[in-house]
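The file run-v1.txt contains compact mmCIF, C-alpha atoms and all ligand atoms:
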```txt
# COMPACT_ATOMS: atom_id res chain seq x y z
CA MET A 25 18.38 -18.17 -8.62
CA ASN A 26 16.57 -15.44 -6.76
CA GLY A 27 16.10 -15.56 -3.02
CA LYS A 28 13.32 -16.65 -0.70
CA ILE A 29 10.99 -13.89 0.45
CA LEU A 30 8.41 -13.80 3.23
CA VAL A 31 5.59 -11.42 2.33
CA THR A 32 3.45 -10.30 5.26
CA GLY A 33 0.02 -9.08 4.16
CA GLY A 34 0.60 -10.93 0.89
CA THR A 35 -3.06 -11.73 0.25
CA GLY A 36 -3.96 -8.02 0.55
CA TYR A 37 -4.30 -5.49 -2.26
CA ILE A 38 -0.71 -4.31 -2.78
CA GLY A 39 0.83 -7.50 -1.36
CA SER A 40 -0.93 -9.82 -3.83
CA HIS A 41 0.18 -7.74 -6.83
CA THR A 42 3.74 -7.74 -5.52
CA VAL A 43 3.67 -11.52 -4.98
CA VAL A 44 2.72 -11.93 -8.67
CA GLU A 45 5.69 -9.80 -9.77
CA LEU A 46 8.03 -11.68 -7.43
CA LEU A 47 6.90 -15.11 -8.67
CA ASN A 48 7.15 -14.02 -12.30
CA ALA A 49 10.71 -12.85 -11.64
CA GLY A 50 11.67 -16.23 -10.19
CA TYR A 51 11.66 -15.46 -6.45
CA GLU A 52 10.44 -18.11 -4.04
CA VAL A 53 7.62 -16.54 -2.07
CA GLU A 54 5.82 -17.44 1.14
CA ILE A 55 2.89 -15.43 2.50
CA LEU A 56 1.85 -14.64 6.06
CA ASP A 57 -1.56 -13.03 6.56
CA ASN A 58 -4.31 -13.26 9.18
CA LEU A 59 -6.96 -12.68 6.45
CA PHE A 60 -8.45 -9.83 8.44
CA ASN A 61 -8.75 -7.73 5.29
CA SER A 62 -8.23 -10.23 2.50
CA LYS A 63 -9.54 -13.53 1.22
CA ILE A 64 -7.94 -16.95 0.90
CA GLU A 65 -9.18 -17.16 -2.74
CA VAL A 66 -6.42 -14.69 -3.64
CA LEU A 67 -3.96 -17.62 -3.49
CA ASP A 68 -5.83 -19.40 -6.32
CA ARG A 69 -5.89 -16.18 -8.32
CA ILE A 70 -2.12 -15.82 -7.92
CA ASP A 71 -1.78 -19.44 -9.08
CA ARG A 72 -3.97 -18.76 -12.14
CA ILE A 73 -1.82 -15.77 -13.12
CA THR A 74 1.63 -17.18 -12.40
CA GLY A 75 1.19 -20.95 -12.40
CA LYS A 76 2.61 -20.99 -8.86
CA LYS A 77 0.83 -21.15 -5.51
CA PRO A 78 2.92 -19.72 -2.70
CA LYS A 79 3.05 -21.43 0.68
CA PHE A 80 0.60 -19.66 2.98
CA TYR A 81 0.69 -19.17 6.74
CA LYS A 82 -2.57 -17.96 8.28
CA ALA A 83 -0.91 -16.18 11.16
CA ASP A 84 -1.14 -12.94 13.08
CA LEU A 85 1.85 -10.65 13.61
CA LEU A 86 0.74 -10.31 17.22
CA ASP A 87 1.38 -14.05 17.70
CA ARG A 88 5.11 -14.11 18.40
CA VAL A 89 5.19 -17.91 18.82
CA ALA A 90 3.70 -18.39 15.35
CA LEU A 91 6.24 -15.97 13.89
CA ASP A 92 9.15 -17.82 15.51
CA ASP A 93 7.85 -21.12 14.12
CA ILE A 94 7.70 -19.66 10.62
CA PHE A 95 11.23 -18.23 10.80
CA ALA A 96 12.56 -21.45 12.37
CA ASN A 97 11.10 -23.44 9.45
CA THR A 98 12.60 -21.51 6.59
CA LYS A 99 15.67 -19.38 6.00
CA TYR A 100 14.39 -16.26 4.24
CA ASP A 101 16.64 -13.77 2.48
CA SER A 102 14.23 -10.87 2.92
CA VAL A 103 10.87 -9.86 4.26
CA ILE A 104 8.44 -7.52 2.52
CA HIS A 105 6.14 -6.18 5.21
CA PHE A 106 2.70 -5.09 4.01
CA ALA A 107 0.58 -6.40 6.89
CA GLY A 108 -1.22 -3.68 8.80
CA LEU A 109 -4.51 -1.93 9.38
CA LYS A 110 -4.99 1.03 7.05
CA ALA A 111 -8.38 2.68 7.53
CA VAL A 112 -7.64 6.28 8.45
CA GLY A 113 -11.08 7.10 9.90
CA GLU A 114 -11.23 3.89 11.92
CA SER A 115 -7.79 4.64 13.37
CA VAL A 116 -9.21 7.82 14.92
CA GLN A 117 -11.97 5.76 16.61
CA LYS A 118 -9.73 2.84 17.64
CA PRO A 119 -6.21 4.23 18.13
CA LEU A 120 -5.09 1.48 20.52
CA GLU A 121 -6.07 -1.24 18.05
CA TYR A 122 -4.05 0.50 15.36
CA TYR A 123 -0.97 1.05 17.52
CA LYS A 124 -1.13 -2.53 18.81
CA ASN A 125 -1.61 -4.17 15.42
CA ASN A 126 0.74 -2.02 13.37
CA VAL A 127 3.46 -1.04 15.85
CA ASP A 128 3.49 -4.09 18.17
CA GLY A 129 3.02 -6.38 15.16
CA THR A 130 6.05 -4.85 13.45
CA ILE A 131 8.18 -5.06 16.60
CA ASN A 132 7.30 -8.77 16.90
CA LEU A 133 8.27 -9.29 13.28
CA LEU A 134 11.58 -7.43 13.66
CA GLN A 135 12.45 -9.32 16.87
CA SER A 136 11.72 -12.65 15.28
CA MET A 137 13.72 -11.70 12.18
CA GLN A 138 16.68 -10.59 14.29
CA GLU A 139 16.65 -13.77 16.36
CA HIS A 140 16.63 -15.88 13.21
CA GLY A 141 19.28 -13.87 11.39
CA VAL A 142 16.99 -12.38 8.70
CA LYS A 143 18.04 -8.78 8.32
CA LYS A 144 16.56 -7.37 5.14
CA ILE A 145 13.13 -5.78 5.20
CA ILE A 146 11.09 -3.60 2.88
CA PHE A 147 8.36 -1.72 4.72
CA SER A 148 5.12 -0.30 3.28
CA SER A 149 5.27 3.25 4.50
CA SER A 150 3.12 6.06 3.27
CA ALA A 151 3.17 9.63 2.00
CA THR A 152 1.13 10.31 5.12
CA VAL A 153 4.37 10.50 7.19
CA TYR A 154 5.17 13.86 5.56
CA GLY A 155 2.22 15.50 7.34
CA VAL A 156 1.92 19.19 6.49
CA GLN A 157 4.80 20.65 4.47
CA GLU A 158 5.46 24.07 2.95
CA SER A 159 5.64 22.55 -0.52
CA PRO A 160 3.10 19.99 -1.81
CA GLU A 161 5.85 18.18 -3.74
CA TYR A 162 7.22 15.75 -1.18
CA VAL A 163 10.93 14.90 -1.19
CA GLU A 164 12.51 12.14 0.91
CA THR A 165 14.76 14.66 2.72
CA MET A 166 11.80 16.53 4.25
CA THR A 167 11.27 16.24 7.99
CA THR A 168 8.52 13.74 8.77
CA GLY A 169 6.10 13.32 11.65
CA GLY A 170 4.87 16.93 11.85
CA GLN A 171 1.12 17.60 12.10
CA LEU A 172 0.00 14.09 11.21
CA SER A 173 -3.79 14.12 11.25
CA ASN A 174 -4.53 10.56 12.44
CA PRO A 175 -3.23 7.57 14.42
CA TYR A 176 -2.84 5.44 11.26
CA GLY A 177 -0.34 7.94 9.89
CA ARG A 178 1.45 8.03 13.22
CA THR A 179 1.84 4.23 13.20
CA LYS A 180 3.72 4.58 9.89
CA TYR A 181 5.88 7.38 11.29
CA PHE A 182 6.63 5.50 14.53
CA ILE A 183 7.51 2.31 12.63
CA GLU A 184 9.89 4.25 10.39
CA GLU A 185 11.61 5.67 13.49
CA ILE A 186 11.78 2.22 15.16
CA MET A 187 13.39 0.78 12.05
CA LYS A 188 15.93 3.63 11.93
CA ASP A 189 16.83 2.97 15.58
CA LEU A 190 17.19 -0.72 14.85
CA CYS A 191 19.65 0.01 12.02
CA THR A 192 21.70 2.17 14.37
CA ALA A 193 21.81 -0.63 16.96
CA ASP A 194 22.35 -3.47 14.49
CA PRO A 195 24.35 -2.31 11.44
CA GLU A 196 23.70 -5.60 9.65
CA PHE A 197 20.08 -4.61 9.11
CA GLN A 198 19.06 -3.44 5.64
CA VAL A 199 15.81 -1.52 5.79
CA ALA A 200 13.90 0.08 2.93
CA LEU A 201 11.10 2.50 3.76
CA LEU A 202 8.92 2.85 0.69
CA ARG A 203 6.53 5.77 0.92
CA TYR A 204 3.57 4.97 -1.29
CA PHE A 205 1.35 7.72 -2.61
CA ASN A 206 -2.21 6.74 -3.66
CA PRO A 207 -2.32 3.19 -5.09
CA ILE A 208 -5.18 2.48 -7.52
CA GLY A 209 -6.00 0.03 -10.30
CA ALA A 210 -5.94 -3.74 -10.54
CA HIS A 211 -4.08 -6.59 -12.19
CA PRO A 212 -4.64 -6.57 -15.98
CA SER A 213 -5.83 -10.21 -15.76
CA GLY A 214 -8.90 -9.00 -13.87
CA LEU A 215 -8.17 -11.58 -11.16
CA LEU A 216 -6.69 -9.31 -8.48
CA GLY A 217 -7.75 -5.89 -7.29
CA GLU A 218 -8.79 -3.93 -4.24
CA ASP A 219 -11.40 -5.93 -2.38
CA PRO A 220 -11.50 -4.73 1.23
CA ASN A 221 -13.65 -6.42 3.86
CA GLY A 222 -16.09 -3.95 5.44
CA ILE A 223 -16.83 -0.33 4.53
CA PRO A 224 -14.18 1.25 2.29
CA ASN A 225 -12.70 4.71 2.93
CA ASN A 226 -10.52 5.30 -0.09
CA LEU A 227 -11.73 6.97 -3.26
CA MET A 228 -11.45 4.11 -5.77
CA PRO A 229 -13.18 1.38 -3.71
CA ILE A 230 -16.06 3.84 -3.27
CA VAL A 231 -16.10 4.62 -7.01
CA MET A 232 -16.18 0.84 -7.57
CA GLN A 233 -19.19 0.48 -5.27
CA VAL A 234 -21.05 3.14 -7.26
CA ALA A 235 -20.14 1.41 -10.53
CA ARG A 236 -21.44 -1.92 -9.17
CA GLY A 237 -24.69 -0.28 -8.05
CA GLN A 238 -23.94 -0.94 -4.36
CA ARG A 239 -23.93 2.79 -3.62
CA GLU A 240 -26.10 5.47 -5.20
CA LYS A 241 -23.38 8.08 -5.74
CA LEU A 242 -19.91 9.23 -4.82
CA GLY A 243 -19.64 12.08 -2.32
CA VAL A 244 -16.89 14.44 -3.48
CA TYR A 245 -15.33 15.86 -0.32
CA GLY A 246 -15.34 19.57 -1.10
CA ASN A 247 -14.82 21.61 -4.27
CA ASP A 248 -13.64 24.82 -2.65
CA TYR A 249 -9.97 23.90 -2.20
CA PRO A 250 -7.30 26.19 -3.67
CA THR A 251 -6.74 23.87 -6.65
CA LYS A 252 -7.54 24.26 -10.35
CA ASP A 253 -11.02 22.70 -10.13
CA GLY A 254 -11.47 23.11 -6.38
CA THR A 255 -11.19 19.37 -5.55
CA CYS A 256 -8.18 17.78 -3.82
CA ARG A 257 -5.27 16.52 -5.89
CA ARG A 258 -3.33 13.33 -5.19
CA ASP A 259 -0.57 11.33 -6.82
CA TYR A 260 -2.38 8.17 -7.96
CA ILE A 261 -0.09 5.25 -8.80
CA HIS A 262 -1.08 2.04 -10.57
CA VAL A 263 -0.71 -0.90 -8.18
CA VAL A 264 1.31 -2.88 -10.76
CA ASP A 265 3.84 -0.03 -11.03
CA LEU A 266 3.94 0.04 -7.24
CA ALA A 267 4.52 -3.73 -7.09
CA LYS A 268 7.41 -3.34 -9.52
CA GLY A 269 8.94 -0.70 -7.25
CA HIS A 270 9.46 -3.46 -4.67
CA MET A 271 11.32 -5.55 -7.22
CA ALA A 272 13.60 -2.62 -8.00
CA MET A 273 14.17 -2.10 -4.27
CA LEU A 274 15.13 -5.75 -3.70
CA ASP A 275 17.94 -5.29 -6.23
CA HIS A 276 19.28 -2.25 -4.37
CA MET A 277 19.14 -3.20 -0.69
CA GLN A 278 22.07 -1.94 1.36
CA PRO A 279 23.03 -1.75 5.04
CA GLY A 280 21.18 0.93 6.99
CA VAL A 281 18.00 2.73 6.03
CA SER A 282 17.02 3.59 2.45
CA ILE A 283 14.00 5.79 1.86
CA PHE A 284 12.13 6.17 -1.42
CA ASN A 285 8.93 7.82 -2.58
CA LEU A 286 6.92 5.60 -4.89
CA GLY A 287 4.66 7.90 -6.86
CA SER A 288 4.25 9.23 -10.38
CA GLY A 289 5.00 12.88 -9.66
CA GLU A 290 1.75 13.84 -11.44
CA PRO A 291 -1.25 14.75 -9.29
CA ASN A 292 -4.86 14.39 -10.40
CA SER A 293 -7.96 15.94 -8.88
CA VAL A 294 -11.04 14.02 -7.73
CA MET A 295 -12.92 15.45 -10.74
CA GLU A 296 -10.17 14.18 -13.06
CA ILE A 297 -10.49 10.71 -11.53
CA ILE A 298 -14.26 10.80 -12.08
CA ALA A 299 -13.72 11.92 -15.70
CA ALA A 300 -11.16 9.14 -16.32
CA PHE A 301 -13.51 6.52 -14.88
CA GLU A 302 -16.39 7.81 -17.02
CA LYS A 303 -14.16 7.74 -20.12
CA ALA A 304 -13.13 4.13 -19.46
CA SER A 305 -16.66 2.91 -18.67
CA GLY A 306 -18.54 5.02 -21.20
CA LYS A 307 -21.08 5.80 -18.46
CA GLU A 308 -21.72 8.71 -16.14
CA LEU A 309 -20.59 8.22 -12.56
CA PRO A 310 -23.21 9.76 -10.25
CA TYR A 311 -21.62 12.10 -7.70
CA GLU A 312 -22.50 14.93 -5.39
CA VAL A 313 -20.23 17.53 -3.84
CA VAL A 314 -20.44 17.21 -0.06
CA ALA A 315 -18.59 18.80 2.88
CA ARG A 316 -14.82 18.60 3.16
CA ARG A 317 -13.45 15.57 5.05
CA ALA A 318 -11.52 16.49 8.19
CA GLY A 319 -7.77 16.12 7.78
CA ASP A 320 -7.67 16.19 3.95
CA LEU A 321 -4.87 18.32 2.50
CA PRO A 322 -5.64 20.28 -0.71
CA GLU A 323 -2.88 18.61 -2.70
CA PHE A 324 0.39 16.73 -2.52
CA TRP A 325 2.44 14.55 -4.80
CA ALA A 326 5.71 12.67 -4.93
CA ASN A 327 8.99 13.92 -6.17
CA PRO A 328 9.98 10.53 -7.65
CA ALA A 329 13.48 11.58 -8.82
CA LYS A 330 15.39 9.57 -6.21
CA ALA A 331 13.70 6.27 -7.13
CA LYS A 332 14.34 6.97 -10.81
CA ALA A 333 18.02 7.81 -10.26
CA GLU A 334 18.90 5.10 -7.73
CA LEU A 335 16.45 2.27 -8.42
CA SER A 336 15.95 2.89 -12.17
CA TRP A 337 12.23 2.73 -11.40
CA GLN A 338 9.47 5.02 -12.53
CA THR A 339 5.78 4.66 -13.18
CA GLU A 340 4.81 3.42 -16.63
CA LEU A 341 1.04 3.13 -16.35
CA THR A 342 -1.47 5.97 -16.44
CA ILE A 343 -4.69 6.68 -14.57
CA ASP A 344 -6.50 5.59 -17.76
CA ASP A 345 -4.78 2.18 -17.46
CA ALA A 346 -5.83 2.06 -13.80
CA MET A 347 -9.48 2.78 -14.68
CA LYS A 348 -9.52 0.19 -17.46
CA ASP A 349 -8.00 -2.46 -15.17
CA THR A 350 -10.40 -1.56 -12.34
CA LEU A 351 -13.38 -2.03 -14.67
CA ASN A 352 -11.95 -5.33 -15.91
CA PHE A 353 -11.60 -6.49 -12.27
CA ILE A 354 -15.22 -5.52 -11.56
CA SER A 355 -16.47 -7.41 -14.63
CA HIS A 356 -14.48 -10.52 -13.61
CA GLU A 357 -15.94 -10.35 -10.06
CA SER A 358 -19.46 -10.77 -11.41
CA LYS A 359 -18.36 -13.93 -13.29
CA GLN A 360 -16.61 -15.63 -10.36
P1 LIG B 1 -4.72 -4.50 2.65
O1 LIG B 1 -5.59 -4.32 3.84
O2 LIG B 1 -5.35 -4.95 1.37
O3 LIG B 1 -3.53 -5.54 2.99
C1 LIG B 1 -2.99 -5.65 4.27
C2 LIG B 1 -3.03 -7.11 4.65
O4 LIG B 1 -2.45 -7.24 5.96
C3 LIG B 1 -4.42 -7.70 4.71
O5 LIG B 1 -4.47 -8.86 3.90
C4 LIG B 1 -4.64 -8.03 6.19
O6 LIG B 1 -5.44 -9.18 6.35
C5 LIG B 1 -3.22 -8.22 6.68
N1 LIG B 1 -3.00 -7.95 8.11
C6 LIG B 1 -3.37 -6.86 8.82
N2 LIG B 1 -2.98 -6.98 10.10
C7 LIG B 1 -2.34 -8.19 10.21
C8 LIG B 1 -1.72 -8.88 11.28
N3 LIG B 1 -1.69 -8.38 12.53
N4 LIG B 1 -1.17 -10.09 11.02
C9 LIG B 1 -1.21 -10.62 9.78
N5 LIG B 1 -1.79 -10.02 8.74
C10 LIG B 1 -2.36 -8.80 8.94
O7 LIG B 1 -3.92 -3.14 2.44
P2 LIG B 1 -3.02 -2.64 1.22
O8 LIG B 1 -3.72 -1.50 0.59
O9 LIG B 1 -2.58 -3.78 0.42
O10 LIG B 1 -1.80 -2.03 2.04
C11 LIG B 1 -0.64 -2.78 2.30
C12 LIG B 1 0.29 -1.93 3.14
O11 LIG B 1 0.59 -0.72 2.44
C13 LIG B 1 -0.31 -1.52 4.48
O12 LIG B 1 0.71 -1.55 5.47
C14 LIG B 1 -0.75 -0.09 4.23
O13 LIG B 1 -0.76 0.66 5.42
C15 LIG B 1 0.31 0.40 3.27
N6 LIG B 1 -0.11 1.51 2.44
C16 LIG B 1 -1.29 1.39 1.76
C17 LIG B 1 -1.72 2.46 0.99
C18 LIG B 1 -3.05 2.39 0.28
O14 LIG B 1 -3.63 3.43 0.01
N7 LIG B 1 -3.56 1.21 -0.05
C19 LIG B 1 -0.94 3.63 0.90
C20 LIG B 1 0.26 3.68 1.61
C21 LIG B 1 0.66 2.61 2.38
C1 LIG B 2 -8.33 10.49 -2.18
C2 LIG B 2 -9.05 11.77 -2.55
C3 LIG B 2 -10.47 12.68 -0.84
C4 LIG B 2 -13.34 9.38 -0.80
C5 LIG B 2 -5.27 7.96 2.26
C6 LIG B 2 -4.36 7.92 3.43
C7 LIG B 2 -2.94 7.78 2.97
C8 LIG B 2 -2.79 6.59 2.02
C9 LIG B 2 -3.77 6.63 0.92
C10 LIG B 2 -2.23 4.70 3.33
C11 LIG B 2 -9.06 12.78 -1.44
C12 LIG B 2 -11.27 12.24 -2.04
C13 LIG B 2 -12.26 10.19 -1.11
C14 LIG B 2 -14.65 9.84 -1.11
C15 LIG B 2 -13.71 11.86 -2.02
N1 LIG B 2 -3.05 5.35 2.66
N2 LIG B 2 -12.45 11.42 -1.71
N3 LIG B 2 -14.77 11.07 -1.72
O1 LIG B 2 -6.93 10.59 1.80
O2 LIG B 2 -5.37 10.88 -0.17
O3 LIG B 2 -4.94 9.09 1.46
O4 LIG B 2 -5.09 6.77 1.47
O5 LIG B 2 -1.17 5.00 3.73
O6 LIG B 2 -2.19 7.62 4.11
O7 LIG B 2 -4.52 9.10 4.18
O8 LIG B 2 -6.84 8.86 -0.04
O9 LIG B 2 -8.49 7.55 -1.32
O10 LIG B 2 -9.14 8.45 0.97
O11 LIG B 2 -8.84 10.02 -0.93
O12 LIG B 2 -13.89 12.95 -2.56
O13 LIG B 2 -15.66 9.18 -0.85
O14 LIG B 2 -10.43 11.44 -2.81
O15 LIG B 2 -10.93 13.91 -0.35
O16 LIG B 2 -8.91 14.03 -2.05
P1 LIG B 2 -6.06 9.98 0.81
P2 LIG B 2 -8.38 8.63 -0.29
```
Spit out the file's structure as structure tokens when you get a sec.
Ligand code: NAD
Ligand code: WQD
Amino acid sequence: MNGKILVTGGTGYIGSHTVVELLNAGYEVEILDNLFNSKIEVLDRIDRITGKKPKFYKADLLDRVALDDIFANTKYDSVIHFAGLKAVGESVQKPLEYYKNNVDGTINLLQSMQEHGVKKIIFSSSATVYGVQESPEYVETMTTGGQLSNPYGRTKYFIEEIMKDLCTADPEFQVALLRYFNPIGAHPSGLLGEDPNGIPNNLMPIVMQVARGQREKLGVYGNDYPTKDGTCRRDYIHVVDLAKGHMAMLDHMQPGVSIFNLGSGEPNSVMEIIAAFEKASGKELPYEVVARRAGDLPEFWANPAKAKAELSWQTELTIDDAMKDTLNFISHESKQ
């Protein structure tokens, strides 16, 4: 029998896909989310895919009393911590909101866990903590926290450091920092996908808006970068592969801090993403090259060797799979 897991942010994009993998593998799952950036309907979708509806707490990480109630109710083996604000541009406008939600929220969670004797946590970190490096192929041993271009990225860096300090102070803690690269795609059922509230910032949700006719065209942020086709290159990872990375991590938790990149190791340019989407849809995707976006790096990607060697995990799905699944999600949306 697998253990009981509390998933914060479990109705969100990556969280919901991970909950499906956990339930399918026989874990007992409970979800905590304040629904700031996700919808309650996700619980029914999870039920339709897995035949199981996880217990749901509509709660905010900033509400320490609510957290203590949840931990007093149930003895969890581990926590997977996805909950956080993630809009890079907004974090520049509202840094205090981001530090409060992400950093204070995580400290509340860790304090409540410690007081209730729950000492295993997997944290959604990000490639953004690497900042600017000499090599675009990021390895876990690189120094982090240098030249981070926005408060969102700094919240991830600060939380990583807080968790490292906690492991020094309390050697019973088992912390995994998973540094995600660029998650894309949707569940192959078409029932789950990226569905942010408000105005999206990331490439794929904007591509999806164009495909739905909600936006006239995609603005490509610059084509004069020192890359093969002049557009930025990123390591796009299918969200189902990413979800499975959490499963692999749960099997390899150990005392102290473990750090893993979760990426494919294969970067693609913005033009390659457009071409893959057009191939999958059979239609042209209207776009226009516009000015560079402040803070964008020309290219970076994961060195995924450590996750492969130690977690026996690697990506299996391609960007073509991600495009097909994204289109399937869009076509299901219109039928809901
Ligand atoms: P998401 O916005 O879809 O999911 C996050 C969830 O957390 C949402 O459902 C939101 O309602 C909830 N939440 C936010 N603040 C909360 C709070 N104070 N209390 C309770 N719930 C709260 O985002 P996602 O793309 O699924 O990302 C999940 C995690 O992975 C985030 O921590 C994000 O920073 C990190 N991450 C995301 C990416 C990416 O590109 N999507 C890349 C690297 C890391
Ligand atoms: C991808 C590429 C843009 C929108 C961010 C965070 C990172 C992580 C993932 C959480 C870039 C280009 C985008 C558009 C475009 N998140 N683009 N037109 O910037 O690589 O990473 O999300 O941790 O921390 O910084 O992702 O999806 O915003 O952009 O041309 O309208 O698409 O320039 O090259 P990014 P993104």
### Query
What would the list of residues within 10 Å of (12.3, -18.5, 6.0) (file frame) look like as a list in words, if only C-alpha atoms are what count?
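Answer for this query, in the requested form: Lys28, Ile29, Leu30, Val53, Glu54, Asp93, Ile94, Phe95, Ala96, Asn97, Thr98, Lys99, Tyr100, Asp101, Ser102, Val103, Met137, His140, Gly141 and Val142 of chain A.
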### Task
Write out as number ranges by chain each polymer residue whose atoms come within 9 Å of Ala326 (chain A), counting all atoms listed in the file; drop sequence neighbours fewer than 5 positions from it.
A: 151, 160-164, 204-205, 259, 285-291
Mind writing the picked residues with C-alpha atoms as an mmCIF file, keeping the file's coordinate frame?
```cif
data_model
loop_
_atom_site.group_PDB
_atom_site.id
_atom_site.type_symbol
_atom_site.label_atom_id
_atom_site.label_comp_id
_atom_site.auth_asym_id
_atom_site.auth_seq_id
_atom_site.Cartn_x
_atom_site.Cartn_y
_atom_site.Cartn_z
ATOM 1 C CA ALA A 151 3.170 9.630 2.000
ATOM 2 C CA PRO A 160 3.100 19.990 -1.810
ATOM 3 C CA GLU A 161 5.850 18.180 -3.740
ATOM 4 C CA TYR A 162 7.220 15.750 -1.180
ATOM 5 C CA VAL A 163 10.930 14.900 -1.190
ATOM 6 C CA GLU A 164 12.510 12.140 0.910
ATOM 7 C CA TYR A 204 3.570 4.970 -1.290
ATOM 8 C CA PHE A 205 1.350 7.720 -2.610
ATOM 9 C CA ASP A 259 -0.570 11.330 -6.820
ATOM 10 C CA ASN A 285 8.930 7.820 -2.580
ATOM 11 C CA LEU A 286 6.920 5.600 -4.890
ATOM 12 C CA GLY A 287 4.660 7.900 -6.860
ATOM 13 C CA SER A 288 4.250 9.230 -10.380
ATOM 14 C CA GLY A 289 5.000 12.880 -9.660
ATOM 15 C CA GLU A 290 1.750 13.840 -11.440
ATOM 16 C CA PRO A 291 -1.250 14.750 -9.290
#
```
### Task
Grab the CA of Glu114 (chain A) to atom P1 of ligand LIG 2 (chain B) distance for me, in Å with one decimal place.
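Between these atoms lies a distance of 13.7 Å.
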Around all listed atoms of ligand LIG 2 (chain B), padded 3 Å per side, what centre and edge lengths does the axis-aligned box have in Å to one decimal, as lines of an AutoDock Vina configuration file?
```
center_x = -8.4
center_y = 9.4
center_z = 0.7
size_x = 20.5
size_y = 15.3
size_z = 13.0
```
#### Entry: Between atom O8 of ligand LIG 1 (chain B) and CA of Lys144 (chain A) - distance in Å to one decimal
21.6 Å
### Query
Hey, what's within 10 Å of region 214-217 of chain A if we count only C-alpha atoms and toss same-chain stuff fewer than 4 positions away? As an MDAnalysis selection string, please?
chainID A and resid 35:38 40:41 44 66 68:70 72:73 208:210 229 263 348:357 360
#### Entry: Residues near Ile343 (chain A), cut-off 9 Å, only C-alpha atoms, skip fewer than 4 positions along chain, as a list in words
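Surrounding residues, per the criterion: Ile208, Gly209, Tyr260, Ile261, His262, Asn292, Ile297, Ala300, Phe301, Met347 and Lys348 of chain A.
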### Task
Please indicate the distance in Å from CA of Pro212 (chain A) to CA of Ala304 (chain A), rounded to one decimal place.
14.1 Å
What are the closest atom pairs, with distances in Å to one decimal, for all residues of chain A lying within 8 Å of ligand LIG 1 (chain B)? Consider only C-alpha atoms and all ligand atoms, order rows by chain and residue number, and present the result as CSV.
```
residue,atom,partner,partner_atom,distance
A:Thr32,CA,B:LIG1,N5,6.3
A:Gly33,CA,B:LIG1,O4,3.6
A:Gly34,CA,B:LIG1,O5,6.2
A:Thr35,CA,B:LIG1,O5,4.9
A:Gly36,CA,B:LIG1,O2,3.5
A:Tyr37,CA,B:LIG1,O9,3.6
A:Ile38,CA,B:LIG1,O9,3.7
A:Gly39,CA,B:LIG1,O9,5.4
A:Ser40,CA,B:LIG1,O9,7.6
A:Leu56,CA,B:LIG1,C9,6.3
A:Asp57,CA,B:LIG1,N5,3.7
A:Asn58,CA,B:LIG1,C9,4.1
A:Leu59,CA,B:LIG1,O6,3.8
A:Phe60,CA,B:LIG1,O6,3.7
A:Asn61,CA,B:LIG1,O6,3.8
A:Ser62,CA,B:LIG1,O5,4.2
A:Lys63,CA,B:LIG1,O5,7.4
A:Lys82,CA,B:LIG1,C9,7.6
A:Ala83,CA,B:LIG1,C9,5.7
A:Asp84,CA,B:LIG1,N4,3.5
A:Leu85,CA,B:LIG1,N4,4.0
A:Leu86,CA,B:LIG1,N3,5.6
A:His105,CA,B:LIG1,O12,7.1
A:Phe106,CA,B:LIG1,C12,4.1
A:Ala107,CA,B:LIG1,O4,3.3
A:Gly108,CA,B:LIG1,C6,3.8
A:Leu109,CA,B:LIG1,C6,5.1
A:Lys110,CA,B:LIG1,O13,4.5
A:Asn125,CA,B:LIG1,N3,5.1
A:Asn126,CA,B:LIG1,N3,6.9
A:Gly129,CA,B:LIG1,N3,5.8
A:Phe147,CA,B:LIG1,O12,7.7
A:Ser148,CA,B:LIG1,O11,4.6
A:Ser149,CA,B:LIG1,C21,5.1
A:Ser150,CA,B:LIG1,C20,4.1
A:Ala151,CA,B:LIG1,C20,6.6
A:Thr152,CA,B:LIG1,C20,7.6
A:Tyr176,CA,B:LIG1,O13,7.8
A:Lys180,CA,B:LIG1,O13,7.4
A:Arg203,CA,B:LIG1,C20,6.6
A:Tyr204,CA,B:LIG1,C20,4.6
A:Phe205,CA,B:LIG1,C19,5.9
A:Asn206,CA,B:LIG1,O14,5.1
A:Pro207,CA,B:LIG1,O14,5.3
A:Ile208,CA,B:LIG1,O14,7.7
A:Glu218,CA,B:LIG1,O2,6.7
A:Asp219,CA,B:LIG1,O2,7.2
A:Pro220,CA,B:LIG1,O2,6.2
A:Asn226,CA,B:LIG1,O14,7.1
```
### Pick from A:Gln157, A:Asn225, A:Ser136, A:Thr167, whichever lies nearest to ligand LIG 2 (chain B) using only C-alpha atoms and all ligand atoms
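The shortest atom-to-atom distance to ligand LIG 2 (chain B) comes from A:Asn225.
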